[in-house]
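Single-structure report; data block below.
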Amino acid sequence: MTTFPNDDPDKVAYAGILPAAPKPFVLGNGEGEKSLVFDQLFTILLSADETEDQYGAFTMVGNAGRRIPAHRHFKTHEIFYVVDGEITVWMDDEADYHSKTTLVTGDFAYVPAGIVHAFQIHNTTKVFGVGTAGFERFFHAMGQQTDATDPNGVYVPDFSVMRAAGEKYSTQFMPEFEFRD
């Protein structure tokens, strides 16, 4: 079993699932490091440890629900690729650019660091995401570890947990932000 530094509980909880080094590996359908965040299941497929701090890859599966709160990542660039389903993504640079776009199977969106964004799932949806290395563990810091394969259940973190995850992963939550749509 792989061991991680004891000072990062987001890694320790999942020791042994990913190789924690740039070594070849294969994950089967549904495998990876999984956390339930609100009503969405996030599965980390690849972390900064395997890519020498280049990027992380994950999936998010969720059912129809409300829009998540507006937020921005100060250091993280993020992509959304819709594997299956339908999701609306809001983006706003607080200057010239703002959009509200509904993505369906096969559609792609890019959210650069610093852009205020949010999303809402309209039906059972699976999204493949890639982000700047290290950010993928944000979902563990916010969520609850699980072995589930479907987003059944709800885990709502205390605001103190959300704030700590935001500070650790350079994310600002902006629940009062009003998108221009």
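The way I read the labels, and the way they are meant: chains A, B, ... in the order of the structure tokens, residue 1 as the first residue of every chain, and ligand 1 as the first ligand shown, with later ones counted on from there.
For stretch 53-60 of chain A, the list of residues within 8 Å, based on only C-alpha atoms and with local chain neighbours fewer than 6 positions off taken out, reads Gln40, Leu41, Phe42, Thr43, Ile44, Leu45, Leu46, Ser47, Lys126, Val127, Phe128, Gly129, Val130, Gly131, Thr132, Ala133, Gly134, Phe135 and Glu136 of chain A.
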Using N, CA and C atoms, can you export the residues from the last selection as a compact mmCIF listing (two decimals), in the first residue's frame?
```txt
# COMPACT_ATOMS: atom_id res chain seq x y z
N GLN A 40 -23.41 15.29 -5.52
CA GLN A 40 -22.60 14.88 -6.67
C GLN A 40 -21.46 13.97 -6.23
N LEU A 41 -21.20 12.97 -7.04
CA LEU A 41 -20.11 12.03 -6.77
C LEU A 41 -18.91 12.41 -7.62
N PHE A 42 -17.81 12.75 -6.97
CA PHE A 42 -16.56 13.09 -7.66
C PHE A 42 -15.61 11.92 -7.52
N THR A 43 -15.00 11.51 -8.63
CA THR A 43 -14.03 10.43 -8.64
C THR A 43 -12.73 10.94 -9.24
N ILE A 44 -11.68 10.94 -8.44
CA ILE A 44 -10.37 11.36 -8.93
C ILE A 44 -9.75 10.18 -9.66
N LEU A 45 -9.37 10.42 -10.91
CA LEU A 45 -8.76 9.41 -11.76
C LEU A 45 -7.25 9.57 -11.84
N LEU A 46 -6.79 10.79 -11.65
CA LEU A 46 -5.38 11.12 -11.84
C LEU A 46 -5.10 12.37 -11.00
N SER A 47 -3.99 12.34 -10.26
CA SER A 47 -3.69 13.49 -9.41
C SER A 47 -2.34 14.10 -9.77
N LYS A 126 -22.92 13.00 -16.43
CA LYS A 126 -21.53 12.66 -16.09
C LYS A 126 -20.63 13.63 -16.85
N VAL A 127 -19.73 14.27 -16.10
CA VAL A 127 -18.79 15.24 -16.66
C VAL A 127 -17.38 14.75 -16.39
N PHE A 128 -16.52 14.83 -17.39
CA PHE A 128 -15.09 14.57 -17.23
C PHE A 128 -14.43 15.93 -17.05
N GLY A 129 -13.61 16.05 -16.04
CA GLY A 129 -12.95 17.32 -15.77
C GLY A 129 -11.46 17.18 -15.66
N VAL A 130 -10.77 18.23 -16.01
CA VAL A 130 -9.32 18.32 -15.85
C VAL A 130 -9.06 19.68 -15.22
N GLY A 131 -8.13 19.71 -14.28
CA GLY A 131 -7.79 20.97 -13.64
C GLY A 131 -6.31 21.06 -13.37
N THR A 132 -5.88 22.24 -13.00
CA THR A 132 -4.51 22.47 -12.62
C THR A 132 -4.13 21.50 -11.49
N ALA A 133 -2.93 20.97 -11.54
CA ALA A 133 -2.47 19.93 -10.61
C ALA A 133 -2.71 20.31 -9.15
N GLY A 134 -3.21 19.36 -8.39
CA GLY A 134 -3.45 19.52 -6.97
C GLY A 134 -4.88 19.88 -6.64
N PHE A 135 -5.55 20.58 -7.54
CA PHE A 135 -6.92 21.02 -7.26
C PHE A 135 -7.87 19.84 -7.10
N GLU A 136 -7.60 18.73 -7.76
CA GLU A 136 -8.50 17.59 -7.72
C GLU A 136 -8.82 17.15 -6.29
```
**Request:** Could you give me, as number ranges by chain, each residue of chain A that DSSP assigns to strand (DSSP E) when run on this structure's backbone?
**Result:** A: 33-37, 40-46, 55-62, 71-73, 78-84, 86-92, 98-104, 108-111, 116-121, 125-132, 144-145, 171-173
Saved selection, atoms kept: C-alpha atoms, as a short mmCIF file (atom, residue, chain, number, x, y, z; two decimals), in the first residue's frame:
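Result written to selection-v7.cif:
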```
data_model
loop_
_atom_site.label_atom_id
_atom_site.label_comp_id
_atom_site.auth_asym_id
_atom_site.auth_seq_id
_atom_site.Cartn_x
_atom_site.Cartn_y
_atom_site.Cartn_z
CA GLU A 33 -10.77 8.09 -5.22
CA LYS A 34 -14.42 8.96 -4.54
CA SER A 35 -16.09 11.69 -2.51
CA LEU A 36 -19.69 12.80 -2.22
CA VAL A 37 -19.96 16.59 -2.33
CA GLN A 40 -22.60 14.88 -6.67
CA LEU A 41 -20.11 12.03 -6.77
CA PHE A 42 -16.56 13.09 -7.66
CA THR A 43 -14.03 10.43 -8.64
CA ILE A 44 -10.37 11.36 -8.93
CA LEU A 45 -8.76 9.41 -11.76
CA LEU A 46 -5.38 11.12 -11.84
CA TYR A 55 -2.73 18.35 -13.98
CA GLY A 56 -5.44 16.24 -12.33
CA ALA A 57 -8.39 14.44 -13.89
CA PHE A 58 -11.74 13.54 -12.37
CA THR A 59 -15.34 12.73 -13.14
CA MET A 60 -18.45 14.22 -11.59
CA VAL A 61 -21.79 12.41 -11.69
CA GLY A 62 -24.95 14.01 -10.44
CA HIS A 71 -17.22 30.56 -6.88
CA ARG A 72 -13.82 31.16 -8.41
CA HIS A 73 -10.50 29.35 -8.28
CA GLU A 78 -10.76 23.87 -15.19
CA ILE A 79 -12.49 22.09 -18.07
CA PHE A 80 -15.91 20.50 -18.35
CA TYR A 81 -16.48 17.78 -20.97
CA VAL A 82 -19.99 16.32 -20.86
CA VAL A 83 -19.72 12.55 -21.23
CA ASP A 84 -23.48 12.10 -20.89
CA GLU A 86 -27.05 18.08 -19.67
CA ILE A 87 -25.53 20.79 -17.48
CA THR A 88 -25.73 24.59 -17.57
CA VAL A 89 -22.51 26.47 -16.86
CA TRP A 90 -22.41 30.17 -15.91
CA MET A 91 -19.15 32.11 -16.32
CA ASP A 92 -18.39 35.77 -15.60
CA HIS A 98 -20.36 36.58 -19.22
CA SER A 99 -22.23 33.54 -20.44
CA LYS A 100 -24.87 31.02 -19.55
CA THR A 101 -24.50 27.93 -21.71
CA THR A 102 -26.29 24.61 -21.55
CA LEU A 103 -23.90 21.81 -22.42
CA VAL A 104 -25.11 18.42 -23.63
CA PHE A 108 -16.92 21.26 -23.76
CA ALA A 109 -16.32 24.36 -21.61
CA TYR A 110 -13.13 25.95 -20.31
CA VAL A 111 -13.04 28.04 -17.13
CA VAL A 116 -16.58 33.34 -11.40
CA HIS A 117 -18.58 30.26 -12.35
CA ALA A 118 -21.32 27.88 -11.28
CA PHE A 119 -23.24 24.98 -12.78
CA GLN A 120 -26.59 23.26 -12.59
CA ILE A 121 -27.30 19.67 -13.60
CA THR A 125 -25.16 13.78 -15.99
CA LYS A 126 -21.53 12.66 -16.09
CA VAL A 127 -18.79 15.24 -16.66
CA PHE A 128 -15.09 14.57 -17.23
CA GLY A 129 -12.95 17.32 -15.77
CA VAL A 130 -9.32 18.32 -15.85
CA GLY A 131 -7.79 20.97 -13.64
CA THR A 132 -4.51 22.47 -12.62
CA GLN A 144 -17.23 12.72 2.36
CA GLN A 145 -15.22 9.66 1.31
CA THR A 171 -11.15 29.00 -3.98
CA GLN A 172 -13.53 31.81 -3.08
CA PHE A 173 -17.22 31.00 -2.56
#
```
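One distance worth recording is that between atom CA of A:Phe179 and atom CA of A:Ile68, which is 12.5 Å.
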**Asked** Could you pull out all residues of stretch 12-171 of chain A with a DSSP call of helix (DSSP H, G or I) and give them as a ChimeraX atom specification?
**Response** /A:12,135-142,159-168
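Atom pair atom CA of A:Met174 / atom CA of A:Ser160: separated by 14.8 Å.
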**Request:** Rank A:Thr146, A:Gly114, A:Lys75, A:Asp107 by their smallest atom-to-atom distance to A:Glu31, using only C-alpha atoms, and report the top residue only.
**Result:** A:Thr146
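Ranking A:Ala165, A:Ala70, A:Ala95, A:Met142 by their shortest atom-to-atom distance to A:Phe177, with only C-alpha atoms included, puts A:Ala70 first.
We find atom CA of A:Glu178 and atom CA of A:Tyr97 to be spaced 13.9 Å apart.
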